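The next block is input_24.cif, given as mmCIF, C-alpha atoms, pLDDT in the B column; chains and numbers go by the auth columns.
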```cif
data_upload
#
loop_
_atom_site.group_PDB
_atom_site.id
_atom_site.type_symbol
_atom_site.label_atom_id
_atom_site.label_comp_id
_atom_site.label_asym_id
_atom_site.label_seq_id
_atom_site.Cartn_x
_atom_site.Cartn_y
_atom_site.Cartn_z
_atom_site.B_iso_or_equiv
_atom_site.auth_seq_id
_atom_site.auth_asym_id
ATOM 1 C CA VAL A 1 -1.645 8.991 1.750 81.00 1 A
ATOM 2 C CA GLU A 2 -4.968 7.566 0.656 85.00 2 A
ATOM 3 C CA VAL A 3 -5.105 4.962 -2.113 88.00 3 A
ATOM 4 C CA PRO A 4 -8.622 4.282 -3.442 87.00 4 A
ATOM 5 C CA ALA A 5 -9.724 0.703 -4.115 90.00 5 A
ATOM 6 C CA GLY A 6 -8.894 -0.505 -7.598 92.00 6 A
ATOM 7 C CA THR A 7 -5.849 1.759 -7.995 92.00 7 A
ATOM 8 C CA SER A 8 -2.086 1.895 -7.521 94.00 8 A
ATOM 9 C CA LEU A 9 0.004 4.798 -6.286 94.00 9 A
ATOM 10 C CA VAL A 10 3.751 5.331 -6.622 96.00 10 A
ATOM 11 C CA LEU A 11 5.386 6.731 -3.493 96.00 11 A
ATOM 12 C CA GLY A 12 8.484 8.807 -4.135 96.00 12 A
ATOM 13 C CA ARG A 13 10.018 12.254 -4.660 96.00 13 A
ATOM 14 C CA ASP A 14 9.713 12.516 -8.472 95.00 14 A
ATOM 15 C CA PRO A 15 6.598 14.541 -9.402 95.00 15 A
ATOM 16 C CA GLU A 16 6.614 12.948 -12.873 94.00 16 A
ATOM 17 C CA GLU A 17 6.331 9.484 -11.282 92.00 17 A
ATOM 18 C CA SER A 18 4.358 10.116 -8.077 93.00 18 A
ATOM 19 C CA LEU A 19 1.139 12.058 -7.590 92.00 19 A
ATOM 20 C CA VAL A 20 2.135 12.538 -3.928 93.00 20 A
ATOM 21 C CA ALA A 21 5.753 13.599 -4.507 94.00 21 A
ATOM 22 C CA ALA A 22 5.281 16.835 -2.542 94.00 22 A
ATOM 23 C CA ALA A 23 4.746 14.787 0.643 92.00 23 A
ATOM 24 C CA PHE A 24 8.234 13.281 0.256 93.00 24 A
ATOM 25 C CA ALA A 25 10.125 16.271 -1.185 92.00 25 A
ATOM 26 C CA SER A 26 12.083 17.002 1.993 93.00 26 A
ATOM 27 C CA TYR A 27 13.144 13.382 2.608 94.00 27 A
ATOM 28 C CA ASP A 28 16.429 12.755 0.793 93.00 28 A
ATOM 29 C CA ASN A 29 16.450 9.070 1.786 94.00 29 A
ATOM 30 C CA VAL A 30 13.204 8.432 -0.129 96.00 30 A
ATOM 31 C CA SER A 31 13.958 7.486 -3.721 96.00 31 A
ATOM 32 C CA ARG A 32 12.437 9.320 -6.659 95.00 32 A
ATOM 33 C CA ARG A 33 10.362 6.174 -7.361 96.00 33 A
ATOM 34 C CA HIS A 34 10.483 4.369 -4.020 97.00 34 A
ATOM 35 C CA ALA A 35 7.521 1.984 -3.701 97.00 35 A
ATOM 36 C CA THR A 36 4.109 1.252 -5.176 97.00 36 A
ATOM 37 C CA VAL A 37 0.986 0.676 -3.098 96.00 37 A
ATOM 38 C CA THR A 38 -1.857 -1.196 -4.799 95.00 38 A
ATOM 39 C CA VAL A 39 -5.362 -1.637 -3.430 93.00 39 A
ATOM 40 C CA SER A 40 -7.544 -4.194 -5.204 93.00 40 A
ATOM 41 C CA ASP A 41 -11.218 -3.685 -5.998 91.00 41 A
ATOM 42 C CA THR A 42 -11.985 -5.756 -2.895 90.00 42 A
ATOM 43 C CA GLY A 43 -9.790 -3.595 -0.647 90.00 43 A
ATOM 44 C CA GLN A 44 -6.765 -5.872 -0.274 94.00 44 A
ATOM 45 C CA ALA A 45 -3.545 -3.840 -0.218 95.00 45 A
ATOM 46 C CA THR A 46 0.054 -4.610 -1.189 97.00 46 A
ATOM 47 C CA ILE A 47 3.296 -2.664 -1.312 97.00 47 A
ATOM 48 C CA ARG A 48 6.183 -3.306 -3.718 98.00 48 A
ATOM 49 C CA ASP A 49 9.658 -1.835 -3.350 98.00 49 A
ATOM 50 C CA GLU A 50 10.710 -0.261 -6.654 98.00 50 A
ATOM 51 C CA HIS A 51 14.427 -1.021 -6.191 97.00 51 A
ATOM 52 C CA SER A 52 14.783 1.944 -3.844 96.00 52 A
ATOM 53 C CA THR A 53 18.181 2.951 -2.497 95.00 53 A
ATOM 54 C CA ASN A 54 17.263 2.921 1.197 96.00 54 A
ATOM 55 C CA GLY A 55 14.613 0.221 1.293 96.00 55 A
ATOM 56 C CA THR A 56 10.965 -0.298 2.095 97.00 56 A
ATOM 57 C CA PHE A 57 10.035 -1.988 5.372 97.00 57 A
ATOM 58 C CA VAL A 58 6.811 -3.544 6.689 97.00 58 A
ATOM 59 C CA ASN A 59 6.747 -4.081 10.454 97.00 59 A
ATOM 60 C CA GLY A 60 10.552 -3.779 10.476 96.00 60 A
ATOM 61 C CA ASP A 61 11.123 -6.416 7.779 97.00 61 A
ATOM 62 C CA ARG A 62 12.706 -5.281 4.521 97.00 62 A
ATOM 63 C CA VAL A 63 10.621 -5.778 1.391 97.00 63 A
ATOM 64 C CA LEU A 64 12.766 -7.378 -1.297 97.00 64 A
ATOM 65 C CA PRO A 65 13.057 -5.151 -4.388 97.00 65 A
ATOM 66 C CA GLY A 66 10.344 -5.954 -6.925 96.00 66 A
ATOM 67 C CA THR A 67 8.436 -8.131 -4.450 95.00 67 A
ATOM 68 C CA GLU A 68 4.872 -7.404 -3.308 96.00 68 A
ATOM 69 C CA VAL A 69 3.985 -7.765 0.364 97.00 69 A
ATOM 70 C CA ARG A 70 0.384 -7.828 1.546 97.00 70 A
ATOM 71 C CA LEU A 71 -0.623 -5.081 3.964 96.00 71 A
ATOM 72 C CA VAL A 72 -3.205 -5.397 6.728 94.00 72 A
ATOM 73 C CA ASN A 73 -4.685 -2.957 9.210 91.00 73 A
ATOM 74 C CA GLY A 74 -2.137 -1.795 11.748 92.00 74 A
ATOM 75 C CA ASP A 75 0.968 -2.672 9.725 95.00 75 A
ATOM 76 C CA ASN A 76 3.792 -0.158 10.026 95.00 76 A
ATOM 77 C CA VAL A 77 5.390 0.876 6.737 96.00 77 A
ATOM 78 C CA ARG A 78 8.724 2.686 6.560 96.00 78 A
ATOM 79 C CA LEU A 79 10.365 4.211 3.502 96.00 79 A
ATOM 80 C CA GLY A 80 14.087 4.766 3.886 94.00 80 A
ATOM 81 C CA GLY A 81 15.246 5.791 7.321 90.00 81 A
ATOM 82 C CA ASP A 82 12.527 8.006 8.684 87.00 82 A
ATOM 83 C CA VAL A 83 9.254 8.111 6.730 91.00 83 A
ATOM 84 C CA THR A 84 6.758 5.942 8.580 90.00 84 A
ATOM 85 C CA ALA A 85 3.013 5.347 8.450 89.00 85 A
ATOM 86 C CA GLU A 86 0.461 2.988 9.920 88.00 86 A
ATOM 87 C CA VAL A 87 -1.763 1.141 7.455 91.00 87 A
ATOM 88 C CA SER A 88 -5.479 1.816 7.818 85.00 88 A
ATOM 89 C CA LEU A 89 -7.754 -0.111 5.468 80.00 89 A
ATOM 90 C CA PRO A 90 -11.503 0.403 5.174 71.00 90 A
ATOM 91 C CA ARG A 91 -13.587 -2.159 6.962 65.00 91 A
ATOM 92 C CA GLN A 92 -14.525 -4.960 4.619 57.00 92 A
ATOM 93 C CA GLY A 93 -17.997 -6.421 4.737 50.00 93 A
ATOM 94 C CA PRO A 94 -19.565 -9.216 2.759 46.00 94 A
ATOM 95 C CA LEU A 95 -19.781 -8.703 -0.972 45.00 95 A
ATOM 96 C CA PRO A 96 -23.156 -7.389 -2.171 44.00 96 A
ATOM 97 C CA GLY A 97 -25.522 -10.275 -2.796 42.00 97 A
ATOM 98 C CA ALA A 98 -23.399 -12.731 -0.837 40.00 98 A
ATOM 99 C CA PHE A 99 -26.127 -13.136 1.802 42.00 99 A
ATOM 100 C CA SER A 100 -29.885 -13.113 1.494 41.00 100 A
ATOM 101 C CA ARG A 101 -32.130 -10.983 3.666 43.00 101 A
ATOM 102 C CA ASN A 102 -32.680 -13.835 6.126 45.00 102 A
ATOM 103 C CA GLY A 103 -28.929 -14.095 6.762 43.00 103 A
ATOM 104 C CA HIS A 104 -28.361 -17.329 4.874 46.00 104 A
ATOM 105 C CA ARG A 105 -25.825 -17.575 2.092 45.00 105 A
ATOM 106 C CA ASP A 106 -27.401 -17.387 -1.339 43.00 106 A
ATOM 107 C CA PRO A 107 -26.545 -20.361 -3.551 50.00 107 A
ATOM 108 C CA ALA A 108 -24.000 -19.536 -6.222 47.00 108 A
#
```
Here is the file; what I need is its structure written in the form of structure tokens.
Amino acid sequence: VEVPAGTSLVLGRDPEESLVAAAFASYDNVSRRHATVTVSDTGQATIRDEHSTNGTFVNGDRVLPGTEVRLVNGDNVRLGGDVTAEVSLPRQGPLPGAFSRNGHRDPA
């Protein structure tokens, strides 16, 4: 599931709550509104468990309901018992204008 920068996406089986519900339709252990993934404008990602029945896990550790956990490249995310994915974030470079053409940092 791709989440563009500057947006949030609910993961779950309820098509009224999740734009990607069809991907989870056959997984009974994924809640209707299971977790929310948010990617900031700068590309930093988090996941929050939405008080799911069977839990959200990052690298095997359970995410406490209502708590956001930062995601980095290579993290393994699991929803319930058997829906897993590896996190892949776009490569982040310096912010536009952060460096001058000669490679030195522009004064702020």
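Excluding A:Asn29 and any residue on its chain fewer than 2 positions from it, the residues at most 7 Å away by all atoms listed in the file are Tyr27, Ser31, Asn54, Gly80 and Gly81 of chain A.
When the PyMOL selection byres ((chain A and resi 32) around 6) is evaluated on the file shown here, the picked residues come out as Gly12, Arg13, Asp14, Ser31, Arg33 and His34 of chain A.
The two atoms in question, atom CA of A:Ser52 and atom CA of A:Pro90, are spaced 27.8 Å apart.
In this comparison, which uses all atoms listed in the file, the residue of A:Gly6, A:Gly60, A:Gly43, A:Pro65 approaching A:Ser88 most closely is A:Gly43.
If only C-alpha atoms are the atoms counted, then among A:Ala25, A:Val39, A:Ala85, A:Val77 the closest residue to A:Thr7 is A:Val39.
Atom CA of A:Glu17 is positioned 10.5 Å from atom CA of A:Thr36.
When only C-alpha atoms are used to compute distances to A:Ala45, the closest of the residues A:Glu86, A:Asp28, A:Glu68, A:Glu16 turns out to be A:Glu68.
Picture a line from atom CA of A:Leu89 to atom CA of A:Ser26; it runs 26.4 Å.
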Exercise. Translate the PyMOL selection byres ((chain A and resi 69) around 12), as applied to the file shown, into an explicit residue set as a ChimeraX atom specification.
Key: /A:35-39,44-49,56-59,61-68,70-72,75,77
Just C-alpha atoms for this one: save the residues we selected as a PDB file, keeping the file's coordinate frame.
```pdb
ATOM      1  CA  ALA A  35       7.521   1.984  -3.701  1.00 97.00           C
ATOM      2  CA  THR A  36       4.109   1.252  -5.176  1.00 97.00           C
ATOM      3  CA  VAL A  37       0.986   0.676  -3.098  1.00 96.00           C
ATOM      4  CA  THR A  38      -1.857  -1.196  -4.799  1.00 95.00           C
ATOM      5  CA  VAL A  39      -5.362  -1.637  -3.430  1.00 93.00           C
ATOM      6  CA  GLN A  44      -6.765  -5.872  -0.274  1.00 94.00           C
ATOM      7  CA  ALA A  45      -3.545  -3.840  -0.218  1.00 95.00           C
ATOM      8  CA  THR A  46       0.054  -4.610  -1.189  1.00 97.00           C
ATOM      9  CA  ILE A  47       3.296  -2.664  -1.312  1.00 97.00           C
ATOM     10  CA  ARG A  48       6.183  -3.306  -3.718  1.00 98.00           C
ATOM     11  CA  ASP A  49       9.658  -1.835  -3.350  1.00 98.00           C
ATOM     12  CA  THR A  56      10.965  -0.298   2.095  1.00 97.00           C
ATOM     13  CA  PHE A  57      10.035  -1.988   5.372  1.00 97.00           C
ATOM     14  CA  VAL A  58       6.811  -3.544   6.689  1.00 97.00           C
ATOM     15  CA  ASN A  59       6.747  -4.081  10.454  1.00 97.00           C
ATOM     16  CA  ASP A  61      11.123  -6.416   7.779  1.00 97.00           C
ATOM     17  CA  ARG A  62      12.706  -5.281   4.521  1.00 97.00           C
ATOM     18  CA  VAL A  63      10.621  -5.778   1.391  1.00 97.00           C
ATOM     19  CA  LEU A  64      12.766  -7.378  -1.297  1.00 97.00           C
ATOM     20  CA  PRO A  65      13.057  -5.151  -4.388  1.00 97.00           C
ATOM     21  CA  GLY A  66      10.344  -5.954  -6.925  1.00 96.00           C
ATOM     22  CA  THR A  67       8.436  -8.131  -4.450  1.00 95.00           C
ATOM     23  CA  GLU A  68       4.872  -7.404  -3.308  1.00 96.00           C
ATOM     24  CA  ARG A  70       0.384  -7.828   1.546  1.00 97.00           C
ATOM     25  CA  LEU A  71      -0.623  -5.081   3.964  1.00 96.00           C
ATOM     26  CA  VAL A  72      -3.205  -5.397   6.728  1.00 94.00           C
ATOM     27  CA  ASP A  75       0.968  -2.672   9.725  1.00 95.00           C
ATOM     28  CA  VAL A  77       5.390   0.876   6.737  1.00 96.00           C
TER      29      VAL A  77
END
```
Give the centre and edge lengths of an axis-aligned box, in Å to one decimal, that holds all listed atoms of stretch 12-30 of chain A with 4 Å on each side, as lines of an AutoDock Vina configuration file.
```
center_x = 8.8
center_y = 12.7
center_z = -5.1
size_x = 23.3
size_y = 16.6
size_z = 23.5
```
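Nearest to A:Val3 of all the residues A:Asp41, A:Leu79, A:Val30, A:Phe24 is A:Asp41, based on only C-alpha atoms.
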Self-check item: Polymer residues at most 8 Å from A:Leu19, only C-alpha atoms, same-chain spacing of 3 or more positions, as number ranges by chain
Solution: A: 9-11, 15-16
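Residue nearest A:Asn73, chosen from A:Val87, A:Thr42, A:Pro4, A:Val20 and counting only C-alpha atoms: A:Val87.
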Would you mind writing stretch 78-89 of chain A with all heavy atoms, as a PDB file, keeping the file's coordinate frame?
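Below you can see part22.pdb, which holds the result:
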```
ATOM      1  N   ARG A  78       7.657   1.678   6.506  1.00 96.00           N
ATOM      2  CA  ARG A  78       8.724   2.686   6.560  1.00 96.00           C
ATOM      3  C   ARG A  78       9.412   2.744   5.214  1.00 96.00           C
ATOM      4  O   ARG A  78       9.766   1.727   4.633  1.00 96.00           O
ATOM      5  CB  ARG A  78       9.735   2.354   7.652  1.00 96.00           C
ATOM      6  CG  ARG A  78      10.879   3.352   7.731  1.00 96.00           C
ATOM      7  CD  ARG A  78      11.718   3.201   8.998  1.00 96.00           C
ATOM      8  NE  ARG A  78      12.125   1.839   9.279  1.00 96.00           N
ATOM      9  CZ  ARG A  78      13.293   1.306   8.896  1.00 96.00           C
ATOM     10  NH1 ARG A  78      14.148   2.009   8.187  1.00 96.00           N
ATOM     11  NH2 ARG A  78      13.587   0.064   9.216  1.00 96.00           N
ATOM     12  N   LEU A  79       9.596   3.966   4.721  1.00 96.00           N
ATOM     13  CA  LEU A  79      10.365   4.211   3.502  1.00 96.00           C
ATOM     14  C   LEU A  79      11.680   4.834   3.925  1.00 96.00           C
ATOM     15  O   LEU A  79      11.683   5.851   4.625  1.00 96.00           O
ATOM     16  CB  LEU A  79       9.625   5.153   2.554  1.00 96.00           C
ATOM     17  CG  LEU A  79       8.203   4.775   2.157  1.00 96.00           C
ATOM     18  CD1 LEU A  79       7.635   5.818   1.200  1.00 96.00           C
ATOM     19  CD2 LEU A  79       8.147   3.401   1.540  1.00 96.00           C
ATOM     20  N   GLY A  80      12.784   4.232   3.515  1.00 94.00           N
ATOM     21  CA  GLY A  80      14.087   4.766   3.886  1.00 94.00           C
ATOM     22  C   GLY A  80      14.271   4.728   5.388  1.00 94.00           C
ATOM     23  O   GLY A  80      13.834   3.807   6.065  1.00 94.00           O
ATOM     24  N   GLY A  81      14.918   5.779   5.905  1.00 90.00           N
ATOM     25  CA  GLY A  81      15.246   5.791   7.321  1.00 90.00           C
ATOM     26  C   GLY A  81      14.205   6.382   8.239  1.00 90.00           C
ATOM     27  O   GLY A  81      14.130   6.019   9.403  1.00 90.00           O
ATOM     28  N   ASP A  82      13.357   7.302   7.722  1.00 87.00           N
ATOM     29  CA  ASP A  82      12.527   8.006   8.684  1.00 87.00           C
ATOM     30  C   ASP A  82      11.122   8.383   8.238  1.00 87.00           C
ATOM     31  O   ASP A  82      10.444   9.148   8.910  1.00 87.00           O
ATOM     32  CB  ASP A  82      13.243   9.263   9.153  1.00 87.00           C
ATOM     33  CG  ASP A  82      13.646  10.186   8.014  1.00 87.00           C
ATOM     34  OD1 ASP A  82      13.328   9.873   6.853  1.00 87.00           O
ATOM     35  OD2 ASP A  82      14.278  11.211   8.283  1.00 87.00           O
ATOM     36  N   VAL A  83      10.628   7.840   7.133  1.00 91.00           N
ATOM     37  CA  VAL A  83       9.254   8.111   6.730  1.00 91.00           C
ATOM     38  C   VAL A  83       8.424   6.898   7.109  1.00 91.00           C
ATOM     39  O   VAL A  83       8.590   5.822   6.541  1.00 91.00           O
ATOM     40  CB  VAL A  83       9.155   8.393   5.207  1.00 91.00           C
ATOM     41  CG1 VAL A  83       7.713   8.602   4.803  1.00 91.00           C
ATOM     42  CG2 VAL A  83      10.006   9.592   4.844  1.00 91.00           C
ATOM     43  N   THR A  84       7.549   7.070   8.090  1.00 90.00           N
ATOM     44  CA  THR A  84       6.758   5.942   8.580  1.00 90.00           C
ATOM     45  C   THR A  84       5.272   6.260   8.535  1.00 90.00           C
ATOM     46  O   THR A  84       4.867   7.425   8.583  1.00 90.00           O
ATOM     47  CB  THR A  84       7.138   5.563  10.029  1.00 90.00           C
ATOM     48  OG1 THR A  84       6.886   6.691  10.867  1.00 90.00           O
ATOM     49  CG2 THR A  84       8.583   5.149  10.133  1.00 90.00           C
ATOM     50  N   ALA A  85       4.466   5.210   8.442  1.00 89.00           N
ATOM     51  CA  ALA A  85       3.013   5.347   8.450  1.00 89.00           C
ATOM     52  C   ALA A  85       2.409   4.053   8.958  1.00 89.00           C
ATOM     53  O   ALA A  85       3.012   2.983   8.841  1.00 89.00           O
ATOM     54  CB  ALA A  85       2.498   5.652   7.056  1.00 89.00           C
ATOM     55  N   GLU A  86       1.220   4.166   9.516  1.00 88.00           N
ATOM     56  CA  GLU A  86       0.461   2.988   9.920  1.00 88.00           C
ATOM     57  C   GLU A  86      -0.621   2.754   8.880  1.00 88.00           C
ATOM     58  O   GLU A  86      -1.307   3.695   8.459  1.00 88.00           O
ATOM     59  CB  GLU A  86      -0.176   3.189  11.290  1.00 88.00           C
ATOM     60  CG  GLU A  86      -0.914   1.949  11.771  1.00 88.00           C
ATOM     61  CD  GLU A  86      -1.435   2.080  13.178  1.00 88.00           C
ATOM     62  OE1 GLU A  86      -0.699   2.593  14.036  1.00 88.00           O
ATOM     63  OE2 GLU A  86      -2.582   1.681  13.414  1.00 88.00           O
ATOM     64  N   VAL A  87      -0.777   1.498   8.462  1.00 91.00           N
ATOM     65  CA  VAL A  87      -1.763   1.141   7.455  1.00 91.00           C
ATOM     66  C   VAL A  87      -3.153   1.145   8.083  1.00 91.00           C
ATOM     67  O   VAL A  87      -3.365   0.583   9.152  1.00 91.00           O
ATOM     68  CB  VAL A  87      -1.459  -0.249   6.854  1.00 91.00           C
ATOM     69  CG1 VAL A  87      -2.564  -0.699   5.906  1.00 91.00           C
ATOM     70  CG2 VAL A  87      -0.107  -0.240   6.155  1.00 91.00           C
ATOM     71  N   SER A  88      -4.079   1.787   7.394  1.00 85.00           N
ATOM     72  CA  SER A  88      -5.479   1.816   7.818  1.00 85.00           C
ATOM     73  C   SER A  88      -6.335   1.509   6.601  1.00 85.00           C
ATOM     74  O   SER A  88      -6.425   2.310   5.678  1.00 85.00           O
ATOM     75  CB  SER A  88      -5.825   3.195   8.385  1.00 85.00           C
ATOM     76  OG  SER A  88      -7.187   3.238   8.732  1.00 85.00           O
ATOM     77  N   LEU A  89      -6.920   0.320   6.589  1.00 80.00           N
ATOM     78  CA  LEU A  89      -7.754  -0.111   5.468  1.00 80.00           C
ATOM     79  C   LEU A  89      -9.221   0.035   5.843  1.00 80.00           C
ATOM     80  O   LEU A  89      -9.581  -0.126   7.011  1.00 80.00           O
ATOM     81  CB  LEU A  89      -7.466  -1.570   5.117  1.00 80.00           C
ATOM     82  CG  LEU A  89      -6.037  -1.871   4.655  1.00 80.00           C
ATOM     83  CD1 LEU A  89      -5.842  -3.367   4.500  1.00 80.00           C
ATOM     84  CD2 LEU A  89      -5.741  -1.159   3.358  1.00 80.00           C
TER      85      LEU A  89
END
```
